[in-house]
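Asker: File follows, upload01.tsv with TSV, C-alpha atoms:
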```tsv
chain	number	residue	atom	x	y	z
A	1	TYR	CA	38.84	25.56	3.64
A	2	GLN	CA	40.50	24.66	6.90
A	3	GLN	CA	37.96	23.68	9.54
A	4	SER	CA	37.23	26.64	11.79
A	5	SER	CA	35.90	26.86	15.34
A	6	HIS	CA	34.08	30.03	14.29
A	7	SER	CA	31.68	30.42	11.47
A	8	ARG	CA	32.79	32.52	8.53
A	9	GLN	CA	30.12	35.10	9.42
A	10	GLN	CA	31.47	35.44	12.94
A	11	VAL	CA	34.97	36.00	11.64
A	12	LEU	CA	33.81	38.69	9.24
A	13	LEU	CA	31.83	40.42	11.99
A	14	ILE	CA	34.93	40.46	14.15
A	15	LEU	CA	36.97	41.96	11.34
A	16	MET	CA	34.33	44.51	10.45
A	17	LYS	CA	34.25	45.60	14.08
A	18	PHE	CA	37.90	46.40	13.80
A	19	GLU	CA	37.72	47.62	10.20
A	20	GLY	CA	39.86	50.61	11.03
A	21	GLN	CA	42.63	48.26	12.12
A	22	LEU	CA	42.67	46.10	8.97
A	23	THR	CA	45.44	48.17	7.46
A	24	ASP	CA	47.56	47.63	10.56
A	25	PHE	CA	46.85	43.90	10.35
A	26	VAL	CA	48.10	43.82	6.75
A	27	VAL	CA	51.28	45.59	7.83
A	28	LYS	CA	51.79	42.81	10.35
A	29	ILE	CA	51.14	40.12	7.74
A	30	LYS	CA	53.80	41.61	5.47
A	31	SER	CA	56.26	41.80	8.34
A	32	TRP	CA	55.65	38.16	9.32
A	33	ALA	CA	56.10	37.14	5.68
A	34	ARG	CA	59.55	38.75	5.59
A	35	GLU	CA	60.47	36.93	8.79
A	36	LEU	CA	59.52	33.67	7.06
A	37	GLY	CA	61.85	34.37	4.14
A	38	PHE	CA	59.48	35.96	1.66
A	39	SER	CA	60.87	38.99	-0.13
A	40	GLU	CA	57.53	40.72	-0.56
A	41	LEU	CA	53.81	40.13	-0.03
A	42	ARG	CA	50.85	41.92	-1.56
A	43	ILE	CA	47.08	41.44	-1.82
A	44	ALA	CA	44.63	41.32	-4.75
A	45	ASP	CA	40.89	40.92	-5.11
A	46	VAL	CA	39.43	37.91	-6.93
A	47	ASP	CA	38.41	39.60	-10.20
A	48	PRO	CA	40.63	38.13	-12.96
A	49	GLY	CA	39.88	40.96	-15.39
A	50	ILE	CA	41.25	40.58	-18.91
A	51	ALA	CA	43.51	37.72	-17.83
A	52	GLU	CA	40.59	35.29	-18.04
A	53	ILE	CA	39.86	36.30	-21.64
A	54	ARG	CA	43.52	35.91	-22.59
A	55	LEU	CA	43.63	32.45	-21.02
A	56	GLN	CA	40.60	31.26	-22.95
A	57	LYS	CA	42.03	32.53	-26.25
A	58	TRP	CA	45.37	30.86	-25.49
A	59	LEU	CA	43.67	27.54	-24.81
A	60	ALA	CA	41.54	27.86	-27.96
A	61	CYS	CA	44.74	28.14	-30.00
A	62	HIS	CA	46.03	24.90	-28.39
A	63	PHE	CA	49.20	26.68	-27.31
A	64	HIS	CA	49.15	24.63	-24.09
A	65	GLY	CA	50.19	21.48	-25.96
A	66	GLU	CA	49.66	18.36	-23.84
A	67	MET	CA	49.18	20.31	-20.60
A	68	ASN	CA	45.53	19.29	-20.48
A	69	TYR	CA	45.29	20.36	-16.85
A	70	MET	CA	45.42	23.96	-18.07
A	71	ALA	CA	41.91	23.51	-19.49
A	72	GLY	CA	40.66	20.86	-17.11
A	73	HIS	CA	39.29	23.15	-14.40
A	74	GLY	CA	37.25	25.54	-16.53
A	75	THR	CA	36.88	28.99	-15.03
A	76	LYS	CA	38.17	27.82	-11.62
A	77	ARG	CA	41.70	28.66	-12.80
A	78	SER	CA	40.83	32.32	-13.28
A	79	ARG	CA	38.23	32.65	-10.52
A	80	PRO	CA	39.64	31.81	-7.08
A	81	ASP	CA	36.19	32.12	-5.50
A	82	GLU	CA	35.02	29.21	-7.65
A	83	LEU	CA	38.07	27.12	-6.83
A	84	VAL	CA	37.61	27.78	-3.11
A	85	PRO	CA	34.11	29.12	-2.43
A	86	GLY	CA	34.08	32.09	-0.10
A	87	THR	CA	37.44	33.47	-1.23
A	88	ARG	CA	37.54	37.26	-1.06
A	89	ARG	CA	41.25	38.01	-1.42
A	90	VAL	CA	44.36	36.48	-2.95
A	91	ILE	CA	47.47	37.01	-0.83
A	92	VAL	CA	50.52	36.65	-3.08
A	93	ALA	CA	54.11	36.40	-1.90
A	94	ARG	CA	57.42	36.04	-3.71
A	95	MET	CA	60.61	34.30	-2.63
A	96	ASN	CA	64.00	34.69	-4.33
A	97	TYR	CA	65.81	31.60	-5.59
A	98	LEU	CA	69.11	32.85	-7.05
A	99	SER	CA	71.77	30.94	-5.16
A	100	SER	CA	73.69	32.95	-2.60
A	101	ASP	CA	76.84	31.28	-3.95
A	102	ALA	CA	76.26	32.60	-7.47
A	103	LEU	CA	79.05	35.03	-8.38
A	104	ASP	CA	78.71	36.98	-11.64
A	105	TRP	CA	75.82	34.66	-12.37
A	106	LYS	CA	74.99	36.07	-15.79
A	107	ASP	CA	78.55	35.63	-17.04
A	108	THR	CA	78.67	32.13	-15.58
A	109	GLU	CA	75.41	31.09	-17.22
A	110	GLN	CA	76.45	32.60	-20.55
A	111	ALA	CA	79.74	30.69	-20.40
A	112	ARG	CA	77.90	27.42	-19.79
A	113	MET	CA	75.65	28.18	-22.72
A	114	SER	CA	78.73	28.25	-24.94
A	115	ASP	CA	80.21	25.06	-23.45
A	116	VAL	CA	78.57	22.25	-25.44
A	117	LEU	CA	79.51	19.67	-22.78
A	118	ALA	CA	77.98	21.63	-19.87
A	119	ALA	CA	74.63	20.35	-18.59
A	120	ARG	CA	72.28	23.31	-18.34
A	121	VAL	CA	69.63	22.92	-15.65
A	122	SER	CA	67.31	25.87	-15.06
A	123	MET	CA	68.44	27.87	-12.04
A	124	TYR	CA	65.18	27.46	-10.14
A	125	ALA	CA	65.51	23.64	-10.14
A	126	ARG	CA	69.00	23.23	-8.70
A	127	GLY	CA	67.91	23.16	-5.07
A	128	ARG	CA	65.01	21.81	-3.04
A	129	ASP	CA	61.52	21.57	-4.49
A	130	TYR	CA	60.03	25.06	-4.10
A	131	HIS	CA	56.47	23.70	-3.90
A	132	ARG	CA	57.18	22.23	-0.47
A	133	VAL	CA	59.24	25.15	0.81
A	134	ILE	CA	56.73	27.84	-0.08
A	135	ARG	CA	53.61	25.94	0.98
A	136	SER	CA	55.20	25.16	4.33
A	137	ARG	CA	56.06	28.79	4.99
A	138	LEU	CA	52.69	30.06	3.82
A	139	GLN	CA	51.11	27.63	6.26
A	140	LYS	CA	53.25	29.10	9.04
A	141	LEU	CA	52.09	32.55	7.97
A	142	ALA	CA	48.44	31.45	8.14
A	143	ASP	CA	49.04	30.02	11.61
A	144	ARG	CA	50.51	33.33	12.75
A	145	MET	CA	47.52	35.21	11.32
A	146	GLN	CA	45.12	32.94	13.19
A	147	GLU	CA	46.98	33.54	16.42
A	148	GLU	CA	46.27	37.22	15.89
A	149	ILE	CA	42.59	37.22	14.85
A	150	GLY	CA	41.27	33.70	15.35
A	151	SER	CA	40.31	31.09	12.78
A	152	PHE	CA	39.42	32.07	9.24
A	153	GLY	CA	38.96	30.28	5.90
A	154	TYR	CA	42.07	29.83	3.79
A	155	ARG	CA	44.09	27.56	1.50
A	156	VAL	CA	47.72	27.89	0.50
A	157	PHE	CA	49.24	27.09	-2.90
A	158	ALA	CA	52.57	27.20	-4.70
A	159	ASP	CA	52.13	26.21	-8.33
A	160	SER	CA	50.06	23.36	-6.91
A	161	ALA	CA	46.50	24.27	-7.89
A	162	PRO	CA	44.71	25.87	-10.85
A	163	VAL	CA	45.42	29.47	-9.91
A	164	MET	CA	46.57	32.15	-12.38
A	165	GLU	CA	49.54	33.05	-10.22
A	166	VAL	CA	51.20	35.63	-12.44
A	167	ALA	CA	47.91	37.37	-13.24
A	168	PHE	CA	46.95	37.84	-9.58
A	169	ALA	CA	50.51	38.68	-8.56
A	170	SER	CA	50.50	41.36	-11.24
A	171	LYS	CA	47.13	42.64	-10.08
A	172	ALA	CA	48.46	42.83	-6.52
A	173	GLY	CA	51.39	44.96	-7.68
A	174	LEU	CA	54.05	42.35	-7.00
A	175	GLY	CA	55.38	43.13	-10.46
A	176	TRP	CA	54.14	43.16	-14.03
A	177	GLN	CA	53.70	40.40	-16.58
A	178	GLY	CA	56.63	40.56	-18.97
A	179	LYS	CA	56.60	39.74	-22.66
A	180	ASN	CA	57.97	36.31	-21.74
A	181	ASN	CA	54.92	35.83	-19.47
A	182	LEU	CA	57.04	35.85	-16.32
A	183	LEU	CA	56.39	38.25	-13.46
A	184	ILE	CA	59.00	41.01	-13.40
A	185	ASN	CA	59.70	43.19	-10.38
A	186	ARG	CA	61.61	46.41	-10.96
A	187	ASN	CA	63.63	45.88	-7.76
A	188	ALA	CA	64.28	42.15	-8.16
A	189	GLY	CA	63.93	41.08	-11.80
A	190	SER	CA	62.23	37.71	-12.25
A	191	LEU	CA	64.34	35.15	-10.38
A	192	PHE	CA	61.78	34.35	-7.69
A	193	PHE	CA	58.97	31.93	-6.91
A	194	ILE	CA	55.36	32.89	-6.23
A	195	GLY	CA	52.96	31.43	-3.66
A	196	GLU	CA	49.35	32.24	-2.80
A	197	MET	CA	46.95	32.13	0.11
A	198	LEU	CA	43.27	32.33	-0.74
A	199	VAL	CA	41.40	33.85	2.21
A	200	ASP	CA	37.84	34.80	3.11
A	201	LEU	CA	39.01	37.99	4.81
A	202	PRO	CA	38.05	41.45	3.43
A	203	LEU	CA	41.60	42.75	3.56
A	204	PRO	CA	42.55	46.01	1.84
A	205	VAL	CA	44.07	45.37	-1.58
A	206	ASP	CA	47.29	46.73	-3.06
A	207	GLU	CA	47.55	48.66	-6.29
A	208	ALA	CA	48.93	47.18	-9.49
A	209	VAL	CA	52.07	48.62	-11.05
A	210	THR	CA	52.54	49.60	-14.67
A	211	SER	CA	54.63	47.58	-17.09
A	212	HIS	CA	58.20	48.71	-17.65
A	213	CYS	CA	59.11	46.51	-20.61
A	214	GLY	CA	58.54	49.33	-23.07
A	215	GLN	CA	59.80	48.55	-26.58
A	216	CYS	CA	62.34	46.02	-25.34
A	217	ARG	CA	62.08	42.64	-27.07
A	218	ARG	CA	65.26	40.96	-25.88
A	219	CYS	CA	63.39	37.97	-24.45
A	220	ILE	CA	61.51	37.48	-27.71
A	221	ASP	CA	64.69	37.62	-29.79
A	222	ALA	CA	66.63	35.38	-27.41
A	223	CYS	CA	64.13	32.51	-27.33
A	224	PRO	CA	65.97	29.59	-29.03
A	225	THR	CA	62.84	28.10	-30.59
A	226	GLY	CA	60.77	31.23	-31.20
A	227	ALA	CA	58.23	30.16	-28.57
A	228	ILE	CA	57.46	33.78	-27.57
A	229	ILE	CA	55.23	34.63	-30.49
A	230	GLY	CA	53.90	37.92	-29.15
A	231	ASP	CA	53.66	40.16	-26.10
A	232	LYS	CA	52.74	37.82	-23.23
A	233	LEU	CA	51.94	35.10	-25.76
A	234	ILE	CA	53.82	31.80	-25.53
A	235	ASP	CA	53.37	28.77	-27.75
A	236	ALA	CA	54.29	26.17	-25.13
A	237	ARG	CA	54.64	23.49	-27.79
A	238	LYS	CA	57.85	25.22	-28.90
A	239	CYS	CA	59.13	26.16	-25.44
A	240	ILE	CA	62.20	24.25	-24.24
A	241	SER	CA	60.91	24.29	-20.66
A	242	TYR	CA	57.75	22.58	-21.87
A	243	LEU	CA	59.63	20.11	-24.07
A	244	THR	CA	62.10	19.06	-21.37
A	245	ILE	CA	59.70	19.05	-18.40
A	246	GLU	CA	56.02	18.81	-19.32
A	247	PHE	CA	56.21	16.86	-22.58
A	248	LYS	CA	56.64	13.11	-22.09
A	249	GLY	CA	56.91	11.85	-25.64
A	250	VAL	CA	59.26	11.92	-28.61
A	251	ILE	CA	60.60	15.45	-29.05
A	252	PRO	CA	60.10	16.70	-32.62
A	253	ILE	CA	63.33	16.52	-34.60
A	254	GLU	CA	63.15	20.18	-35.65
A	255	PHE	CA	63.51	21.31	-32.03
A	256	ARG	CA	66.39	19.04	-31.03
A	257	PRO	CA	69.29	21.07	-32.47
A	258	LEU	CA	67.75	24.24	-30.98
A	259	MET	CA	67.73	22.73	-27.49
A	260	GLY	CA	71.53	22.79	-27.37
A	261	ASN	CA	72.72	21.66	-23.94
A	262	ARG	CA	69.51	22.56	-22.08
A	263	ILE	CA	68.37	19.40	-20.28
A	264	TYR	CA	65.85	20.76	-17.78
A	265	GLY	CA	64.11	24.04	-18.44
A	266	CYS	CA	65.49	27.14	-20.10
A	267	ASP	CA	66.64	30.48	-18.67
A	268	ASP	CA	67.54	32.29	-21.87
A	269	CYS	CA	64.76	34.88	-21.69
A	270	GLN	CA	65.75	35.71	-18.12
A	271	LEU	CA	69.45	35.95	-18.92
A	272	VAL	CA	68.83	38.78	-21.39
A	273	CYS	CA	66.16	40.64	-19.40
A	274	PRO	CA	67.61	44.02	-18.36
A	275	TRP	CA	65.63	43.98	-15.12
A	276	ASN	CA	67.52	40.93	-13.90
A	277	LYS	CA	70.53	43.11	-13.21
A	278	PHE	CA	68.59	43.71	-9.99
A	279	ALA	CA	68.02	40.00	-9.28
A	280	GLU	CA	68.31	39.34	-5.55
A	281	LYS	CA	70.07	36.35	-4.04
A	282	THR	CA	68.19	34.02	-1.74
A	283	HIS	CA	68.74	33.60	1.97
A	284	ILE	CA	66.90	30.27	1.95
A	285	ASP	CA	69.27	27.34	2.43
A	286	ASP	CA	66.79	24.98	0.73
A	287	PHE	CA	67.55	26.67	-2.59
A	288	SER	CA	71.29	26.06	-2.40
A	289	VAL	CA	72.64	24.09	-5.37
A	290	ARG	CA	72.62	20.32	-4.97
A	291	HIS	CA	74.79	17.70	-6.68
A	292	GLU	CA	76.77	20.41	-8.49
A	293	LEU	CA	73.92	21.02	-10.92
A	294	ASP	CA	75.41	24.42	-11.65
A	295	SER	CA	78.67	22.90	-12.90
A	296	ALA	CA	77.97	19.29	-13.94
A	297	THR	CA	78.75	18.03	-17.42
A	298	LEU	CA	76.38	16.12	-19.67
A	299	CYS	CA	78.51	13.01	-19.24
A	300	ASP	CA	78.36	13.34	-15.44
A	301	LEU	CA	74.57	13.32	-15.42
A	302	PHE	CA	74.10	10.79	-18.23
A	303	ALA	CA	76.12	8.33	-16.17
A	304	TRP	CA	73.50	8.33	-13.41
A	305	THR	CA	71.67	5.03	-13.05
A	306	GLU	CA	67.95	5.15	-12.36
A	307	LYS	CA	68.66	4.49	-8.68
A	308	GLU	CA	71.17	7.36	-8.61
A	309	PHE	CA	68.68	9.61	-10.37
A	310	LEU	CA	66.02	8.87	-7.76
A	311	ASN	CA	68.47	9.34	-4.89
A	312	ASN	CA	69.98	12.54	-6.26
A	313	THR	CA	66.64	14.14	-7.10
A	314	GLU	CA	64.87	13.31	-3.86
A	315	GLY	CA	63.16	16.48	-2.71
A	316	SER	CA	63.94	18.14	-6.06
A	317	PRO	CA	61.49	19.39	-8.72
A	318	ILE	CA	63.55	17.47	-11.28
A	319	ARG	CA	62.34	14.10	-10.02
A	320	ARG	CA	58.85	14.55	-11.43
A	321	ILE	CA	60.00	14.21	-15.04
A	322	GLY	CA	61.26	10.70	-14.34
A	323	TYR	CA	64.42	8.90	-15.37
A	324	GLU	CA	63.21	8.18	-18.90
A	325	CYS	CA	62.74	11.85	-19.82
A	326	TRP	CA	65.97	12.71	-18.00
A	327	CYS	CA	67.89	10.33	-20.29
A	328	ARG	CA	65.94	11.54	-23.34
A	329	ASN	CA	66.87	15.17	-22.68
A	330	ILE	CA	70.56	14.45	-22.06
A	331	ALA	CA	70.78	12.21	-25.13
A	332	ILE	CA	69.62	15.13	-27.29
A	333	ALA	CA	72.19	17.43	-25.66
A	334	LEU	CA	74.95	14.87	-26.25
A	335	GLY	CA	73.88	14.63	-29.88
A	336	ASN	CA	74.17	18.39	-30.19
A	337	ALA	CA	77.64	18.18	-28.63
A	338	LEU	CA	78.64	15.61	-31.25
A	339	ARG	CA	77.70	18.11	-33.95
A	340	SER	CA	80.41	20.42	-32.61
A	341	LYS	CA	84.14	20.17	-33.17
A	342	LEU	CA	84.97	17.82	-30.33
A	343	ASP	CA	88.33	16.09	-30.09
A	344	ASP	CA	88.30	12.45	-31.16
A	345	GLU	CA	88.69	11.08	-27.65
A	346	THR	CA	85.72	13.04	-26.28
A	347	GLY	CA	83.60	12.12	-29.27
A	348	LYS	CA	84.36	8.44	-28.78
A	349	GLN	CA	83.58	8.69	-25.06
A	350	ILE	CA	80.16	10.18	-25.81
A	351	LEU	CA	79.38	7.58	-28.46
A	352	ASN	CA	80.37	4.80	-26.07
A	353	MET	CA	78.13	6.23	-23.33
A	354	LEU	CA	75.20	6.50	-25.73
A	355	SER	CA	75.76	2.96	-26.99
A	356	GLU	CA	75.96	1.57	-23.46
A	357	LYS	CA	72.81	3.39	-22.31
A	358	ARG	CA	70.97	2.15	-25.39
A	359	LYS	CA	71.31	-1.47	-24.24
A	360	HIS	CA	68.85	-0.94	-21.40
A	361	ALA	CA	66.86	2.07	-22.63
A	362	SER	CA	63.16	2.22	-23.40
A	363	GLU	CA	61.97	2.47	-26.98
A	364	MET	CA	61.37	6.19	-26.58
A	365	VAL	CA	64.86	6.89	-25.22
A	366	THR	CA	66.43	4.60	-27.82
A	367	GLU	CA	64.94	6.74	-30.59
A	368	HIS	CA	66.66	9.82	-29.17
A	369	ILE	CA	69.94	7.98	-28.59
A	370	ASP	CA	69.97	6.80	-32.21
A	371	TRP	CA	69.39	10.38	-33.36
A	372	ALA	CA	72.19	11.58	-31.10
A	373	MET	CA	74.69	9.01	-32.36
A	374	ASN	CA	73.89	9.95	-35.94
A	375	GLN	CA	74.83	13.56	-35.20
A	376	SER	CA	78.50	12.56	-35.21
A	377	ASN	CA	78.12	12.18	-38.96
A	378	GLU	CA	76.86	15.77	-39.15
A	379	SER	CA	79.90	17.20	-37.37
A	380	ASP	CA	81.82	19.88	-39.14
```
I need this file expressed as structure tokens, please.
Answerer:
Amino acid sequence: YQQSSHSRQQVLLILMKFEGQLTDFVVKIKSWARELGFSELRIADVDPGIAEIRLQKWLACHFHGEMNYMAGHGTKRSRPDELVPGTRRVIVARMNYLSSDALDWKDTEQARMSDVLAARVSMYARGRDYHRVIRSRLQKLADRMQEEIGSFGYRVFADSAPVMEVAFASKAGLGWQGKNNLLINRNAGSLFFIGEMLVDLPLPVDEAVTSHCGQCRRCIDACPTGAIIGDKLIDARKCISYLTIEFKGVIPIEFRPLMGNRIYGCDDCQLVCPWNKFAEKTHIDDFSVRHELDSATLCDLFAWTEKEFLNNTEGSPIRRIGYECWCRNIAIALGNALRSKLDDETGKQILNMLSEKRKHASEMVTEHIDWAMNQSNESD
């Protein structure tokens, strides 16, 4: 917890004295959150409920792949009061990320899906790193709260600590957990980030909302690799987001053709979700598209040197995968492009780029480049 000039007991006594005004204080918190760019803020208690049981079963099935950090913190991931002793409430806020420049975004993304030479980068990763943006603004919110009531215990997170974000956001009524495991809000779809503040304040909690997925299974049917194996059940080892971001090794051959032109993440389940017709655009400049990542071609991005990669991804979530995995992912996409009916000149250009990159590539990247070059022999 942040160091406080008052003991935790003193803070709680102060709050209890004004217990009748706690609801008014929460109203203020939500108003300040909107001023800081958050679309909505709600509050949950620290009881994980059935979510903890589901997490343990998921881990036991090894669906987390090589994400060992998912199991590395034991029950701290599902119990905020163990992660940060003294926690009594989880404040959860969401922030939209759909670019304000996106016109007819679904049609545009679908068109890029069909263009084998288009480099598909997940929409959330085209701007500034959301971890920094959300943590910074949650800190400002905490500062404003302390100005109002004095010091209290808290910590802020944005996908930066072992916290079951979607589970607690769902419990707080910020939305419901969809079949694709993403949080869905009936007024905003799922194109938003989530951040949390763990606090030792006995704030009134919000009510959860019911699920509105019904019998719909569009996300399940749209998943390119069949990674959504049940309602709220994802086998990460098959997920393209996992393969292109979290996984650092040689991508299994059976998944490579299914990856298409997706080089960082995958938005397919969100593209088909009916609730995303209500997706809200962001007013946060930090999430504006950088380096034309919404329109770049595979050849454009494969031409980046390691220095250009580091420069162009500074302050971006993409940087954390490293240049090696960046080249690996694009090599697979170029191989898939070679399997299509490309004109001879374009095919030769891609083969030349692959051959040139191979001269200085690591052993791992070379394996994927060799696979990609061989795909020209598989072309129809």
Asker: Could you check which of A:Ser295, A:Asn180, A:Ser340, A:Ser355 is closest to Cys219 (chain A), using all atoms listed in the file?
Answerer: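 So, comparing all the options, the nearest one is A:Asn180.
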Asker: Using Å and a single decimal, report how far CA of Val156 (chain A) sits from CA of Ser170 (chain A).
Answerer: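 It comes out at 18.1 Å.
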Asker: Residues at most 10 Å from Glu246 (chain A), counting only C-alpha atoms, excluding those fewer than 5 positions away in the same chain, as an mmCIF file with C-alpha atoms, keeping the file's coordinate frame?
Answerer:
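Full text of result_35.cif as output:
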```cif
data_model
loop_
_atom_site.group_PDB
_atom_site.id
_atom_site.type_symbol
_atom_site.label_atom_id
_atom_site.label_comp_id
_atom_site.auth_asym_id
_atom_site.auth_seq_id
_atom_site.Cartn_x
_atom_site.Cartn_y
_atom_site.Cartn_z
ATOM 1 C CA GLY A 65 50.190 21.480 -25.960
ATOM 2 C CA GLU A 66 49.660 18.360 -23.840
ATOM 3 C CA MET A 67 49.180 20.310 -20.600
ATOM 4 C CA ALA A 236 54.290 26.170 -25.130
ATOM 5 C CA ARG A 237 54.640 23.490 -27.790
ATOM 6 C CA ILE A 240 62.200 24.250 -24.240
ATOM 7 C CA SER A 241 60.910 24.290 -20.660
ATOM 8 C CA GLY A 265 64.110 24.040 -18.440
ATOM 9 C CA ARG A 320 58.850 14.550 -11.430
ATOM 10 C CA ILE A 321 60.000 14.210 -15.040
ATOM 11 C CA CYS A 325 62.740 11.850 -19.820
#
```
Asker: Of the candidates A:Asp344, A:Glu363, A:Asp206, A:Glu378, which shows the shortest atom-to-atom distance to Leu174 (chain A), using only C-alpha atoms?
Answerer: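 Smallest separation from Leu174 (chain A) among the options: A:Asp206.
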Asker: As an exercise, work out the distance from CA of Ala222 (chain A) to CA of Arg126 (chain A) in Å and give it to one decimal place.
Answerer: 22.4 Å
Asker: Which residue out of A:Ile29, A:Leu354, A:Asn377, A:Ile229 has the minimum interatomic distance to Met145 (chain A) when all atoms listed in the file are used?
Answerer: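 Of all the options, A:Ile29 lies closest to Met145 (chain A).
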Asker: Measure the distance from CA of Gly260 (chain A) to CA of Tyr97 (chain A) in Å and round it to one decimal.
Answerer: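 Atom-to-atom, CA of Gly260 (chain A) to CA of Tyr97 (chain A), that is 24.2 Å.
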Asker: Sorted by chain and rising residue number, which residues of region 117-220 of chain A lie within 7 Å of region 31-54 of chain A, and what are their closest atom pairs and distances in Å to one decimal, counting all atoms listed in the file, as JSON lines?
Answerer:
```
{"residue": "A:Arg137", "atom": "CA", "partner": "A:Leu36", "partner_atom": "CA", "distance": 6.3}
{"residue": "A:Leu141", "atom": "CA", "partner": "A:Ala33", "partner_atom": "CA", "distance": 6.5}
{"residue": "A:Ala167", "atom": "CA", "partner": "A:Ala51", "partner_atom": "CA", "distance": 6.4}
{"residue": "A:Phe168", "atom": "CA", "partner": "A:Ala44", "partner_atom": "CA", "distance": 6.4}
{"residue": "A:Lys171", "atom": "CA", "partner": "A:Ala44", "partner_atom": "CA", "distance": 6.0}
{"residue": "A:Ala172", "atom": "CA", "partner": "A:Ala44", "partner_atom": "CA", "distance": 4.5}
{"residue": "A:Gly173", "atom": "CA", "partner": "A:Arg42", "partner_atom": "CA", "distance": 6.9}
{"residue": "A:Leu174", "atom": "CA", "partner": "A:Arg42", "partner_atom": "CA", "distance": 6.3}
{"residue": "A:Val205", "atom": "CA", "partner": "A:Ile43", "partner_atom": "CA", "distance": 5.0}
{"residue": "A:Asp206", "atom": "CA", "partner": "A:Ile43", "partner_atom": "CA", "distance": 5.4}
```
Asker: Could those selected residues go to a file with C-alpha atoms, as a PDB file, in the frame of the given file?
Answerer:
```pdb
ATOM      1  CA  ARG A 137      56.060  28.790   4.990  1.00  0.00           C
ATOM      2  CA  LEU A 141      52.090  32.550   7.970  1.00  0.00           C
ATOM      3  CA  ALA A 167      47.910  37.370 -13.240  1.00  0.00           C
ATOM      4  CA  PHE A 168      46.950  37.840  -9.580  1.00  0.00           C
ATOM      5  CA  LYS A 171      47.130  42.640 -10.080  1.00  0.00           C
ATOM      6  CA  ALA A 172      48.460  42.830  -6.520  1.00  0.00           C
ATOM      7  CA  GLY A 173      51.390  44.960  -7.680  1.00  0.00           C
ATOM      8  CA  LEU A 174      54.050  42.350  -7.000  1.00  0.00           C
ATOM      9  CA  VAL A 205      44.070  45.370  -1.580  1.00  0.00           C
ATOM     10  CA  ASP A 206      47.290  46.730  -3.060  1.00  0.00           C
TER      11      ASP A 206
END
```
Asker: Name the closest residue to Gln21 (chain A) among the candidates A:Pro202, A:Gly335, A:Pro85, A:Gly230; distances are taken between atoms, counting all atoms listed in the file.
Answerer: A:Pro202
Asker: Got a sec: who's within 9 Å of region 184-199 of chain A, counting all atoms listed in the file, leaving out chain neighbours fewer than 6 positions off, as a PyMOL selection string?
Answerer: chain A and resi 1+39+80-81+84+86-98+123-124+130-131+134-135+138-139+142+152-159+163+165-166+169-170+173-178+211-212+270+273-282
Asker: Dump C-alpha atoms for the selected residues as a compact mmCIF listing (two decimals), in the frame of the given file?
Answerer:
```txt
# COMPACT_ATOMS: atom_id res chain seq x y z
CA TYR A 1 38.84 25.56 3.64
CA SER A 39 60.87 38.99 -0.13
CA PRO A 80 39.64 31.81 -7.08
CA ASP A 81 36.19 32.12 -5.50
CA VAL A 84 37.61 27.78 -3.11
CA GLY A 86 34.08 32.09 -0.10
CA THR A 87 37.44 33.47 -1.23
CA ARG A 88 37.54 37.26 -1.06
CA ARG A 89 41.25 38.01 -1.42
CA VAL A 90 44.36 36.48 -2.95
CA ILE A 91 47.47 37.01 -0.83
CA VAL A 92 50.52 36.65 -3.08
CA ALA A 93 54.11 36.40 -1.90
CA ARG A 94 57.42 36.04 -3.71
CA MET A 95 60.61 34.30 -2.63
CA ASN A 96 64.00 34.69 -4.33
CA TYR A 97 65.81 31.60 -5.59
CA LEU A 98 69.11 32.85 -7.05
CA MET A 123 68.44 27.87 -12.04
CA TYR A 124 65.18 27.46 -10.14
CA TYR A 130 60.03 25.06 -4.10
CA HIS A 131 56.47 23.70 -3.90
CA ILE A 134 56.73 27.84 -0.08
CA ARG A 135 53.61 25.94 0.98
CA LEU A 138 52.69 30.06 3.82
CA GLN A 139 51.11 27.63 6.26
CA ALA A 142 48.44 31.45 8.14
CA PHE A 152 39.42 32.07 9.24
CA GLY A 153 38.96 30.28 5.90
CA TYR A 154 42.07 29.83 3.79
CA ARG A 155 44.09 27.56 1.50
CA VAL A 156 47.72 27.89 0.50
CA PHE A 157 49.24 27.09 -2.90
CA ALA A 158 52.57 27.20 -4.70
CA ASP A 159 52.13 26.21 -8.33
CA VAL A 163 45.42 29.47 -9.91
CA GLU A 165 49.54 33.05 -10.22
CA VAL A 166 51.20 35.63 -12.44
CA ALA A 169 50.51 38.68 -8.56
CA SER A 170 50.50 41.36 -11.24
CA GLY A 173 51.39 44.96 -7.68
CA LEU A 174 54.05 42.35 -7.00
CA GLY A 175 55.38 43.13 -10.46
CA TRP A 176 54.14 43.16 -14.03
CA GLN A 177 53.70 40.40 -16.58
CA GLY A 178 56.63 40.56 -18.97
CA SER A 211 54.63 47.58 -17.09
CA HIS A 212 58.20 48.71 -17.65
CA GLN A 270 65.75 35.71 -18.12
CA CYS A 273 66.16 40.64 -19.40
CA PRO A 274 67.61 44.02 -18.36
CA TRP A 275 65.63 43.98 -15.12
CA ASN A 276 67.52 40.93 -13.90
CA LYS A 277 70.53 43.11 -13.21
CA PHE A 278 68.59 43.71 -9.99
CA ALA A 279 68.02 40.00 -9.28
CA GLU A 280 68.31 39.34 -5.55
CA LYS A 281 70.07 36.35 -4.04
CA THR A 282 68.19 34.02 -1.74
```
Asker: In terms of the shortest atom-to-atom distance over only C-alpha atoms, which of A:Leu117, A:Asp24, A:Arg217, A:Trp371 is closest to Val272 (chain A)?
Answerer: A:Arg217
